[in-house]
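What's in input_8.csv: CSV, C-alpha atoms and all ligand atoms
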chain,number,residue,atom,x,y,z
Z,714,MET,CA,67.6,14.1,-42.9
Z,715,THR,CA,63.9,14.6,-42.2
Z,716,GLU,CA,63.1,17.2,-39.5
Z,717,LEU,CA,59.8,16.8,-37.6
Z,718,VAL,CA,58.3,20.1,-36.4
Z,719,HIS,CA,55.0,20.6,-34.5
Z,720,THR,CA,54.5,24.4,-34.1
Z,721,ARG,CA,54.2,27.2,-36.6
Z,722,LYS,CA,57.3,28.8,-35.0
Z,723,GLU,CA,59.4,25.7,-35.5
Z,724,LEU,CA,58.1,25.4,-39.1
Z,725,ALA,CA,59.0,29.0,-39.8
Z,726,ALA,CA,62.6,28.4,-38.7
Z,727,ALA,CA,62.8,25.2,-40.7
Z,728,ARG,CA,61.4,26.9,-43.8
Z,729,ASP,CA,63.8,29.8,-43.5
Z,730,GLY,CA,66.7,27.2,-43.6
Z,731,LEU,CA,65.6,25.9,-47.0
Z,732,THR,CA,67.2,27.4,-50.0
Z,733,GLY,CA,66.1,26.8,-53.6
Z,734,THR,CA,62.6,25.6,-54.6
Z,735,VAL,CA,60.2,24.1,-52.1
Z,736,GLY,CA,57.4,21.6,-52.9
Z,737,VAL,CA,54.7,20.8,-50.3
Z,738,VAL,CA,52.6,17.6,-50.0
Z,739,MET,CA,49.5,18.2,-47.7
Z,740,THR,CA,48.1,15.1,-46.0
Z,741,MET,CA,45.9,13.9,-43.1
Z,742,GLY,CA,48.5,11.2,-42.3
Z,743,ALA,CA,47.9,7.4,-42.3
Z,744,LEU,CA,50.2,7.5,-45.3
Z,745,HIS,CA,50.2,4.9,-48.0
Z,746,SER,CA,51.8,4.4,-51.4
Z,747,GLY,CA,49.5,7.0,-53.0
Z,748,HIS,CA,51.0,9.6,-50.7
Z,749,GLU,CA,54.5,8.2,-51.3
Z,750,THR,CA,54.0,8.8,-55.0
Z,751,LEU,CA,53.1,12.5,-54.3
Z,752,LEU,CA,56.2,12.8,-52.2
Z,753,ARG,CA,58.4,11.3,-54.9
Z,754,ALA,CA,56.9,13.6,-57.5
Z,755,ALA,CA,57.7,16.5,-55.2
Z,756,ARG,CA,61.2,15.3,-54.7
Z,757,GLU,CA,61.7,15.2,-58.5
Z,758,ARG,CA,60.4,18.7,-59.1
Z,759,ALA,CA,61.6,20.7,-56.1
Z,760,ASP,CA,64.9,21.1,-54.3
Z,761,HIS,CA,63.2,20.6,-50.9
Z,762,VAL,CA,60.0,18.8,-49.8
Z,763,ILE,CA,57.7,19.7,-46.9
Z,764,VAL,CA,55.0,17.3,-45.8
Z,765,THR,CA,52.1,18.4,-43.7
Z,766,ILE,CA,50.2,15.9,-41.5
Z,767,PHE,CA,47.1,17.4,-40.0
Z,768,VAL,CA,43.6,15.9,-39.5
Z,769,ASN,CA,41.7,19.1,-40.1
Z,770,PRO,CA,38.6,19.3,-37.9
Z,771,LEU,CA,37.2,22.1,-40.1
Z,772,GLN,CA,36.5,19.7,-43.0
Z,773,PHE,CA,34.7,17.0,-41.0
Z,774,GLY,CA,30.9,17.0,-40.5
Z,775,PRO,CA,29.4,16.4,-37.1
Z,776,ASN,CA,28.6,12.7,-37.9
Z,777,GLU,CA,31.9,12.0,-39.8
Z,778,ASP,CA,35.0,10.1,-38.7
Z,779,PHE,CA,37.2,12.9,-37.2
Z,780,ASP,CA,37.7,11.1,-33.9
Z,781,ARG,CA,38.2,7.7,-35.5
Z,782,TYR,CA,40.5,8.9,-38.4
Z,783,PRO,CA,43.7,6.8,-38.2
Z,784,ARG,CA,46.7,8.6,-36.7
Z,785,THR,CA,49.9,6.8,-37.3
Z,786,LEU,CA,52.7,9.4,-37.0
Z,787,ASP,CA,55.6,7.0,-36.4
Z,788,ASN,CA,54.8,5.0,-39.6
Z,789,ASP,CA,54.2,8.2,-41.5
Z,790,LEU,CA,57.6,9.6,-40.5
Z,791,GLU,CA,59.2,6.4,-41.8
Z,792,ILE,CA,57.5,6.9,-45.2
Z,793,CYS,CA,58.5,10.5,-45.3
Z,794,ARG,CA,62.2,9.6,-44.5
Z,795,ARG,CA,62.2,6.9,-47.1
Z,796,ALA,CA,60.8,9.3,-49.7
Z,797,GLY,CA,63.4,12.0,-48.8
Z,798,ALA,CA,61.2,14.7,-47.2
Z,799,ASP,CA,63.1,17.5,-45.6
Z,800,VAL,CA,60.5,18.7,-43.2
Z,801,VAL,CA,57.4,17.2,-41.7
Z,802,PHE,CA,54.9,19.6,-40.1
Z,803,ALA,CA,52.5,17.8,-37.8
Z,804,PRO,CA,50.7,20.6,-35.8
Z,805,ALA,CA,48.2,20.2,-33.0
Z,806,VAL,CA,44.7,21.6,-33.7
Z,807,SER,CA,45.4,24.4,-31.2
Z,808,ASP,CA,48.4,25.4,-33.2
Z,809,MET,CA,46.5,25.6,-36.5
Z,810,TYR,CA,43.4,27.3,-34.9
Z,811,PRO,CA,44.7,29.1,-31.8
Z,812,ASP,CA,41.5,31.2,-31.5
Z,813,GLY,CA,39.2,28.2,-32.0
Z,814,GLN,CA,37.4,27.5,-35.3
Z,815,PRO,CA,38.0,30.4,-37.7
Z,816,THR,CA,34.9,32.6,-38.5
Z,817,VAL,CA,36.5,33.7,-41.8
Z,818,ARG,CA,36.7,30.8,-44.3
Z,819,VAL,CA,37.4,30.4,-48.0
Z,820,ASP,CA,34.2,30.2,-49.9
Z,821,PRO,CA,34.6,27.5,-52.6
Z,822,GLY,CA,31.8,29.0,-54.7
Z,823,ARG,CA,29.4,27.2,-57.0
Z,824,LEU,CA,32.0,24.5,-57.9
Z,825,GLY,CA,32.1,23.4,-54.2
Z,826,GLU,CA,28.4,22.9,-53.9
Z,827,GLY,CA,27.9,19.7,-56.0
Z,828,LEU,CA,29.2,16.2,-55.6
Z,829,GLU,CA,31.4,16.1,-52.4
Z,830,GLY,CA,30.1,19.5,-51.4
Z,831,HIS,CA,26.6,18.3,-51.6
Z,832,SER,CA,27.2,15.1,-49.6
Z,833,ARG,CA,29.5,16.8,-47.1
Z,834,PRO,CA,28.2,20.3,-46.5
Z,835,GLY,CA,31.0,22.7,-45.4
Z,836,PHE,CA,33.6,20.2,-46.5
Z,837,PHE,CA,35.3,22.4,-49.1
Z,838,HIS,CA,35.1,25.5,-46.9
Z,839,GLY,CA,37.2,23.5,-44.4
Z,840,VAL,CA,39.6,22.1,-47.0
Z,841,LEU,CA,40.3,25.3,-48.9
Z,842,THR,CA,40.7,27.3,-45.6
Z,843,VAL,CA,43.3,24.9,-44.3
Z,844,VAL,CA,45.0,24.5,-47.7
Z,845,LEU,CA,45.4,28.3,-47.9
Z,846,LYS,CA,46.7,28.5,-44.3
Z,847,LEU,CA,49.2,25.7,-45.0
Z,848,LEU,CA,50.3,27.5,-48.3
Z,849,HIS,CA,51.0,30.7,-46.3
Z,850,LEU,CA,52.8,28.7,-43.5
Z,851,THR,CA,55.0,26.7,-45.9
Z,852,ARG,CA,55.5,29.2,-48.7
Z,853,PRO,CA,56.0,26.6,-51.4
Z,854,ASP,CA,56.8,27.1,-55.1
Z,855,LEU,CA,54.9,23.9,-55.9
Z,856,ALA,CA,52.1,22.0,-54.2
Z,857,PHE,CA,51.2,18.4,-55.1
Z,858,PHE,CA,47.6,17.0,-54.9
Z,859,GLY,CA,46.2,13.6,-55.9
Z,860,GLU,CA,43.7,13.2,-58.8
Z,861,LYS,CA,42.0,10.7,-56.5
Z,862,ASP,CA,40.3,13.8,-54.8
Z,863,TYR,CA,39.5,15.3,-58.2
Z,864,GLN,CA,37.0,18.0,-57.1
Z,865,GLN,CA,39.5,19.0,-54.3
Z,866,LEU,CA,42.3,19.3,-56.9
Z,867,THR,CA,40.1,21.3,-59.2
Z,868,LEU,CA,39.0,23.7,-56.4
Z,869,VAL,CA,42.6,24.2,-55.2
Z,870,ARG,CA,43.7,25.1,-58.7
Z,871,ARG,CA,40.8,27.5,-58.9
Z,872,MET,CA,41.5,29.1,-55.5
Z,873,VAL,CA,45.2,29.8,-56.3
Z,874,ARG,CA,44.1,31.4,-59.6
Z,875,ASP,CA,41.3,33.4,-58.1
Z,876,LEU,CA,43.2,34.6,-55.0
Z,877,ASP,CA,46.6,35.1,-56.7
Z,878,VAL,CA,48.5,32.6,-54.6
Z,879,PRO,CA,52.1,32.3,-56.1
Z,880,THR,CA,52.2,28.5,-56.0
Z,881,GLU,CA,52.1,26.0,-59.0
Z,882,ILE,CA,49.5,23.2,-58.3
Z,883,VAL,CA,50.6,19.9,-59.6
Z,884,GLY,CA,48.1,17.0,-60.0
Z,885,VAL,CA,49.3,13.4,-59.6
Z,886,PRO,CA,47.5,10.4,-61.1
Z,887,THR,CA,45.7,8.0,-58.8
Z,888,VAL,CA,47.6,5.1,-57.4
Z,889,ARG,CA,45.6,1.9,-57.3
Z,890,GLU,CA,45.9,-1.6,-55.9
Z,891,PRO,CA,46.5,-4.3,-58.6
Z,892,ASP,CA,42.8,-5.1,-58.6
Z,893,GLY,CA,41.8,-1.5,-59.3
Z,894,LEU,CA,40.9,-0.2,-55.8
Z,895,ALA,CA,42.2,3.4,-55.4
Z,896,LEU,CA,44.5,3.6,-52.4
Z,897,SER,CA,42.9,5.6,-49.6
Z,898,SER,CA,43.5,6.0,-45.9
Z,899,ARG,CA,39.9,5.1,-45.3
Z,900,ASN,CA,40.4,1.7,-47.0
Z,901,ARG,CA,41.7,0.4,-43.7
Z,902,TYR,CA,38.2,0.7,-42.3
Z,903,LEU,CA,37.0,-2.0,-44.8
Z,904,SER,CA,36.3,-5.6,-43.8
Z,905,VAL,CA,37.2,-8.3,-46.4
Z,906,GLU,CA,33.5,-8.3,-47.7
Z,907,GLU,CA,33.4,-4.5,-47.8
Z,908,ARG,CA,36.6,-4.3,-49.7
Z,909,ALA,CA,35.3,-6.7,-52.3
Z,910,ALA,CA,32.1,-4.6,-52.6
Z,911,ALA,CA,34.3,-1.4,-52.9
Z,912,LEU,CA,35.7,-2.7,-56.1
Z,913,SER,CA,32.4,-1.7,-57.7
Z,914,LEU,CA,33.7,1.9,-57.9
Z,915,SER,CA,36.7,1.2,-60.0
Z,916,ALA,CA,34.8,-1.4,-62.0
Z,917,ALA,CA,32.2,1.2,-62.9
Z,918,LEU,CA,34.9,3.7,-64.1
Z,919,ARG,CA,36.7,1.0,-66.1
Z,920,ALA,CA,33.4,0.1,-67.8
Z,921,GLY,CA,32.8,3.7,-68.6
Z,922,VAL,CA,36.3,4.1,-70.1
Z,923,GLU,CA,35.9,0.9,-72.2
Z,924,ALA,CA,32.5,2.0,-73.5
Z,925,ALA,CA,33.9,5.4,-74.5
Z,926,GLU,CA,36.9,3.8,-76.2
Z,927,GLN,CA,34.4,1.8,-78.3
Z,928,GLY,CA,32.7,5.0,-79.4
Z,929,ALA,CA,29.7,5.1,-77.0
Z,930,ASP,CA,28.1,8.5,-76.4
Z,931,ALA,CA,27.8,10.1,-72.9
Z,932,GLY,CA,24.5,8.4,-72.1
Z,933,GLU,CA,25.7,4.9,-73.1
Z,934,VAL,CA,28.9,5.4,-71.1
Z,935,LEU,CA,27.0,6.3,-68.0
Z,936,ALA,CA,24.7,3.3,-68.5
Z,937,ALA,CA,27.7,1.0,-68.9
Z,938,ALA,CA,29.2,2.3,-65.7
Z,939,HIS,CA,25.9,1.9,-63.8
Z,940,ARG,CA,25.6,-1.7,-65.0
Z,941,ALA,CA,29.1,-2.5,-63.9
Z,942,PHE,CA,28.5,-1.0,-60.5
Z,943,ASP,CA,25.3,-2.9,-60.0
Z,944,SER,CA,26.9,-6.3,-61.1
Z,945,GLY,CA,29.8,-6.0,-58.6
Z,946,THR,CA,30.0,-7.8,-55.3
Z,947,PRO,CA,26.8,-6.7,-53.5
Z,948,GLY,CA,27.1,-4.3,-50.6
Z,949,ALA,CA,28.2,-1.0,-52.2
Z,950,ARG,CA,25.6,1.8,-52.1
Z,951,LEU,CA,25.9,4.5,-54.7
Z,952,ASP,CA,26.0,8.2,-53.7
Z,953,TYR,CA,26.7,9.7,-57.1
Z,954,LEU,CA,28.0,8.6,-60.5
Z,955,VAL,CA,28.3,11.5,-62.9
Z,956,LEU,CA,30.0,12.5,-66.2
Z,957,THR,CA,31.3,16.1,-66.4
Z,958,ASP,CA,33.8,18.0,-68.5
Z,959,PRO,CA,37.4,18.0,-67.1
Z,960,ASP,CA,36.8,21.3,-65.2
Z,961,LEU,CA,33.7,19.8,-63.6
Z,962,GLU,CA,31.4,21.9,-65.6
Z,963,PRO,CA,28.4,19.8,-66.8
Z,964,ASP,CA,28.8,20.5,-70.5
Z,965,PRO,CA,29.8,19.8,-73.2
Z,966,LEU,CA,29.6,16.0,-73.0
Z,967,ALA,CA,31.8,15.3,-76.0
Z,968,GLY,CA,35.6,15.1,-76.2
Z,969,PRO,CA,37.6,14.7,-73.0
Z,970,ALA,CA,35.4,14.2,-70.0
Z,971,ARG,CA,35.6,13.0,-66.3
Z,972,MET,CA,33.6,10.4,-64.6
Z,973,LEU,CA,33.3,10.8,-60.8
Z,974,ILE,CA,31.8,8.3,-58.4
Z,975,ALA,CA,31.2,8.1,-54.6
Z,976,ALA,CA,29.7,5.1,-52.8
Z,977,TRP,CA,29.4,3.6,-49.4
Z,978,SER,CA,30.8,0.2,-48.6
Z,979,GLY,CA,29.5,-0.7,-45.1
Z,980,THR,CA,29.9,2.6,-43.2
Z,981,THR,CA,32.9,3.7,-45.2
Z,982,ARG,CA,32.4,6.4,-47.9
Z,983,LEU,CA,34.8,6.1,-50.8
Z,984,ILE,CA,35.4,8.2,-54.0
Z,985,ASP,CA,37.1,7.6,-57.3
Z,986,ASN,CA,37.2,9.1,-60.8
Z,987,ALA,CA,38.7,8.6,-64.3
Z,988,ALA,CA,39.3,10.5,-67.5
Z,989,ILE,CA,36.7,9.4,-70.1
Z,990,PRO,CA,37.7,9.8,-73.8
Z,991,LEU,CA,34.3,10.6,-75.3
Z,992,ALA,CA,34.3,11.1,-79.1
Z,993,PRO,CA,34.6,14.7,-80.2
Z,994,ARG,CA,31.3,16.4,-81.1
Z,995,SER,CA,30.7,15.8,-84.8
B,1,LIG,N1,45.5,6.7,-54.3
B,1,LIG,C1,46.0,7.9,-54.4
B,1,LIG,N2,46.7,8.3,-55.5
B,1,LIG,C2,47.2,9.6,-55.6
B,1,LIG,N3,47.0,10.5,-54.6
B,1,LIG,C3,46.4,10.2,-53.5
B,1,LIG,C4,45.8,8.9,-53.3
B,1,LIG,N4,45.2,8.8,-52.1
B,1,LIG,C5,45.3,10.1,-51.6
B,1,LIG,N5,46.0,10.9,-52.4
B,1,LIG,C6,46.3,12.3,-52.2
B,1,LIG,O1,47.1,12.5,-51.1
B,1,LIG,C7,46.7,13.8,-50.5
B,1,LIG,C8,46.4,13.6,-49.1
B,1,LIG,O2,45.2,12.9,-49.0
B,1,LIG,P1,44.6,12.2,-47.7
B,1,LIG,O3,45.6,12.3,-46.6
B,1,LIG,O4,43.2,12.7,-47.5
B,1,LIG,O5,44.6,10.7,-48.1
B,1,LIG,P2,43.4,9.8,-48.6
B,1,LIG,O6,43.9,8.4,-48.8
B,1,LIG,O7,42.7,10.5,-49.7
B,1,LIG,O8,42.5,9.8,-47.3
B,1,LIG,P3,41.0,9.5,-47.2
B,1,LIG,O9,40.8,8.0,-47.3
B,1,LIG,O10,40.8,10.0,-45.8
B,1,LIG,O11,40.3,10.3,-48.2
B,1,LIG,C9,45.6,14.3,-51.4
B,1,LIG,O12,46.2,15.2,-52.3
B,1,LIG,C10,45.1,13.1,-52.0
B,1,LIG,O13,44.4,13.4,-53.3
B,2,LIG,C1,44.3,18.7,-48.7
B,2,LIG,C2,44.0,18.2,-47.3
B,2,LIG,C3,45.3,17.7,-46.6
B,2,LIG,C4,43.4,19.3,-46.4
B,2,LIG,O1,43.2,18.9,-45.1
B,2,LIG,C5,43.0,17.0,-47.3
B,2,LIG,O2,41.8,17.4,-47.7
B,2,LIG,C6,43.5,15.8,-47.9
B,2,LIG,O3,44.3,15.1,-47.3
B,2,LIG,O4,43.2,15.5,-49.1
B,3,LIG,N1,40.9,12.8,-48.9
B,3,LIG,C1,40.2,14.1,-48.8
B,3,LIG,C2,40.0,14.5,-47.3
B,3,LIG,C3,38.8,14.0,-46.7
B,3,LIG,O1,38.1,13.1,-47.3
B,3,LIG,O2,38.4,14.5,-45.7

So that I can check it, write out the structure of this file as structure tokens.
Amino acid sequence: MTELVHTRKELAAARDGLTGTVGVVMTMGALHSGHETLLRAARERADHVIVTIFVNPLQFGPNEDFDRYPRTLDNDLEICRRAGADVVFAPAVSDMYPDGQPTVRVDPGRLGEGLEGHSRPGFFHGVLTVVLKLLHLTRPDLAFFGEKDYQQLTLVRRMVRDLDVPTEIVGVPTVREPDGLALSSRNRYLSVEERAAALSLSAALRAGVEAAEQGADAGEVLAAAHRAFDSGTPGARLDYLVLTDPDLEPDPLAGPARMLIAAWSGTTRLIDNAAIPLAPRS
């Protein structure tokens, strides 16, 4: 049975009733098969699963889509039930932030300044603050995050290490549509034409992986990815396309690496990333 709770008091009571290990999956709702994969991973690793559904105003910029963000609680609950969640915590903004927006926030540090942090100022302060609050409220042994939001996953790992949070962070590979598009709640904003153009993101990553597999160096891999992006269905506008090491440090660009991309299709901003197997430094 899946229990729906809305207040932190109800959550505390539900949490106290769970014996054994607890896994948490944090979401903003509008659940899709990517979220379901996180839920099933949690189900496999933990005795009990808590799902949080909260569109966190703290991580949205003034011109972003907070008001428009899809809210589909009935459908979300159905997915949570199907995947065997024990508790769904869907608080109101006033329950998460009873005193209004918090003046004390988690500072993501240097790693939070680039990429998403550069394009969305304040984003990771908002994300890490709510993630830390939700970790305190749910007290999980394990927390599951998607690799789709790779910088977020990296920063959450860093936060629990730096701030001694006793929760294991588990990364879950990106779930894609058969044509390569990474599943994302914001995909539902896309028109048919915009969706076709959005395939340029995964096409760029695929070209980068293929180039690396054929022995290309970092510069050639990036060039191949740019070419693939530019030759996709017109309409996508690149924000960034970078190659970093797996911890998002800029060097060394040999051996295992990560390629991260962000682009607009119409008014929708999408992100994606992939592991890039660069040849080891000789
Ligand atoms: N395609 C996916 N594969 C794996 N995990 C995913 C995928 N999409 C989202 N997630 C993960 O689900 C969790 C909740 O994400 P969120 O609710 O923001 O969904 P989203 O699809 O990323 O939404 P948005 O489109 O707003 O970015 C995060 O850990 C995120 O990385
Ligand atoms: C981790 C998260 C639930 C925090 O609001 C959000 O950033 C998301 O859905 O990835
Ligand atoms: N999917 C990460 C949360 C956000 O884009 O706001």

Using all atoms listed in the file, what are the residues with an atom within 8 Å of ligand LIG 1 (chain B), set out as an MDAnalysis selection string?
chainID Z and resid 738:748 750:751 766 782 857:863 865:866 885:889 895:900 983:984

Export C-alpha atoms of the chosen residues as a PDB file, in the coordinates of the input?
ATOM      1  CA  VAL Z 738      52.600  17.600 -50.000  1.00  0.00           C
ATOM      2  CA  MET Z 739      49.500  18.200 -47.700  1.00  0.00           C
ATOM      3  CA  THR Z 740      48.100  15.100 -46.000  1.00  0.00           C
ATOM      4  CA  MET Z 741      45.900  13.900 -43.100  1.00  0.00           C
ATOM      5  CA  GLY Z 742      48.500  11.200 -42.300  1.00  0.00           C
ATOM      6  CA  ALA Z 743      47.900   7.400 -42.300  1.00  0.00           C
ATOM      7  CA  LEU Z 744      50.200   7.500 -45.300  1.00  0.00           C
ATOM      8  CA  HIS Z 745      50.200   4.900 -48.000  1.00  0.00           C
ATOM      9  CA  SER Z 746      51.800   4.400 -51.400  1.00  0.00           C
ATOM     10  CA  GLY Z 747      49.500   7.000 -53.000  1.00  0.00           C
ATOM     11  CA  HIS Z 748      51.000   9.600 -50.700  1.00  0.00           C
ATOM     12  CA  THR Z 750      54.000   8.800 -55.000  1.00  0.00           C
ATOM     13  CA  LEU Z 751      53.100  12.500 -54.300  1.00  0.00           C
ATOM     14  CA  ILE Z 766      50.200  15.900 -41.500  1.00  0.00           C
ATOM     15  CA  TYR Z 782      40.500   8.900 -38.400  1.00  0.00           C
ATOM     16  CA  PHE Z 857      51.200  18.400 -55.100  1.00  0.00           C
ATOM     17  CA  PHE Z 858      47.600  17.000 -54.900  1.00  0.00           C
ATOM     18  CA  GLY Z 859      46.200  13.600 -55.900  1.00  0.00           C
ATOM     19  CA  GLU Z 860      43.700  13.200 -58.800  1.00  0.00           C
ATOM     20  CA  LYS Z 861      42.000  10.700 -56.500  1.00  0.00           C
ATOM     21  CA  ASP Z 862      40.300  13.800 -54.800  1.00  0.00           C
ATOM     22  CA  TYR Z 863      39.500  15.300 -58.200  1.00  0.00           C
ATOM     23  CA  GLN Z 865      39.500  19.000 -54.300  1.00  0.00           C
ATOM     24  CA  LEU Z 866      42.300  19.300 -56.900  1.00  0.00           C
ATOM     25  CA  VAL Z 885      49.300  13.400 -59.600  1.00  0.00           C
ATOM     26  CA  PRO Z 886      47.500  10.400 -61.100  1.00  0.00           C
ATOM     27  CA  THR Z 887      45.700   8.000 -58.800  1.00  0.00           C
ATOM     28  CA  VAL Z 888      47.600   5.100 -57.400  1.00  0.00           C
ATOM     29  CA  ARG Z 889      45.600   1.900 -57.300  1.00  0.00           C
ATOM     30  CA  ALA Z 895      42.200   3.400 -55.400  1.00  0.00           C
ATOM     31  CA  LEU Z 896      44.500   3.600 -52.400  1.00  0.00           C
ATOM     32  CA  SER Z 897      42.900   5.600 -49.600  1.00  0.00           C
ATOM     33  CA  SER Z 898      43.500   6.000 -45.900  1.00  0.00           C
ATOM     34  CA  ARG Z 899      39.900   5.100 -45.300  1.00  0.00           C
ATOM     35  CA  ASN Z 900      40.400   1.700 -47.000  1.00  0.00           C
ATOM     36  CA  LEU Z 983      34.800   6.100 -50.800  1.00  0.00           C
ATOM     37  CA  ILE Z 984      35.400   8.200 -54.000  1.00  0.00           C
TER      38      ILE Z 984
END

Between atom CA of Gly839 of chain Z and atom CA of Leu771 of chain Z, measure the distance and give it in Å to one decimal.
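Atom CA of Gly839 of chain Z sits 4.5 Å away from atom CA of Leu771 of chain Z.
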
May I have the residues within 8 Å of Ala949 of chain Z as an MDAnalysis selection string, using all atoms listed in the file and disregarding those fewer than 3 positions away in the same chain?
chainID Z and resid 907 910:911 913 946 976:979

Taking C-alpha atoms for each residue, export the selection above as a compact mmCIF listing (two decimals), keeping the file's coordinate frame.
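File produced: again_11.txt:
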# COMPACT_ATOMS: atom_id res chain seq x y z
CA GLU Z 907 33.40 -4.50 -47.80
CA ALA Z 910 32.10 -4.60 -52.60
CA ALA Z 911 34.30 -1.40 -52.90
CA SER Z 913 32.40 -1.70 -57.70
CA THR Z 946 30.00 -7.80 -55.30
CA ALA Z 976 29.70 5.10 -52.80
CA TRP Z 977 29.40 3.60 -49.40
CA SER Z 978 30.80 0.20 -48.60
CA GLY Z 979 29.50 -0.70 -45.10

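In this structure, atom CA of Ala938 of chain Z sits 28.0 Å away from atom C1 of ligand LIG 2 (chain B).
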
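Using all atoms listed in the file, the nearest neighbour of Ser904 of chain Z within the list Z:Gly948, Z:Phe767, Z:Arg758, Z:Val718 is Z:Gly948.
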
Quick one: of Z:Met809, Z:Ala929, Z:Ala917, Z:Leu912, who's nearest to ligand LIG 2 (chain B), counting all atoms listed in the file?
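Once distances to ligand LIG 2 (chain B) are computed over all atoms listed in the file, the minimum belongs to Z:Met809.
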
May I have the residues within 8 Å of Ala924 of chain Z as a VMD selection string, using all atoms listed in the file and disregarding those fewer than 5 positions away in the same chain?
chain Z and resid 929 933 to 934 937

Go ahead and write the residues just picked, C-alpha atoms, as a compact mmCIF listing (two decimals), keeping the file's coordinate frame.
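Full text of part-v8.txt as output:
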# COMPACT_ATOMS: atom_id res chain seq x y z
CA ALA Z 929 29.70 5.10 -77.00
CA GLU Z 933 25.70 4.90 -73.10
CA VAL Z 934 28.90 5.40 -71.10
CA ALA Z 937 27.70 1.00 -68.90

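Nearest residue to Asp820 of chain Z, choosing from Z:Val844, Z:Met872, Z:Val801, Z:Leu914 and counting all atoms listed in the file: Z:Met872.
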
Interatomic distance between atom CA of Ser807 of chain Z and atom CA of Leu850 of chain Z?
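Those two atoms sit 15.0 Å apart.
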
Measuring between all atoms listed in the file, which one of Z:Leu868, Z:Pro770, Z:Glu829, Z:Gly945 shows the shortest distance to Val843 of chain Z?
Z:Pro770

Identify the residues around (29.4, 8.9, -80.1) within a radius of 10 Å, measuring from all atoms listed in the file in the coordinates stated by the file, and give them as a PyMOL selection string.
chain Z and resi 925-934+967-968+991-995

Kindly indicate which residue among Z:Gln864, Z:Leu855, Z:Gln772, Z:Ala975 lies nearest to Thr842 of chain Z, using all atoms listed in the file for the distances.
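Between Z:Gln864, Z:Leu855, Z:Gln772, Z:Ala975, the residue approaching Thr842 of chain Z most closely is Z:Gln772.
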
Best match for closeness to Asp799 of chain Z among Z:Leu847, Z:Ala936, Z:Ala754, Z:Val735, counting all atoms listed in the file
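Looking only at the distances to Asp799 of chain Z, the closest residue turns out to be Z:Val735.
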
Would you kindly return, as a CSV table (one decimal) with C-alpha atoms, keeping the file's coordinate frame, each protein, DNA or RNA residue with an atom no farther than 10 Å from any atom of Thr851 of chain Z, considering all atoms listed in the file and excluding same-chain residues fewer than 5 positions away?
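And here is the file that came out, around-v7.csv:
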chain,number,residue,atom,x,y,z
Z,721,ARG,CA,54.2,27.2,-36.6
Z,724,LEU,CA,58.1,25.4,-39.1
Z,725,ALA,CA,59.0,29.0,-39.8
Z,727,ALA,CA,62.8,25.2,-40.7
Z,728,ARG,CA,61.4,26.9,-43.8
Z,729,ASP,CA,63.8,29.8,-43.5
Z,735,VAL,CA,60.2,24.1,-52.1
Z,736,GLY,CA,57.4,21.6,-52.9
Z,737,VAL,CA,54.7,20.8,-50.3
Z,763,ILE,CA,57.7,19.7,-46.9
Z,764,VAL,CA,55.0,17.3,-45.8
Z,765,THR,CA,52.1,18.4,-43.7
Z,802,PHE,CA,54.9,19.6,-40.1
Z,845,LEU,CA,45.4,28.3,-47.9
Z,846,LYS,CA,46.7,28.5,-44.3
Z,856,ALA,CA,52.1,22.0,-54.2
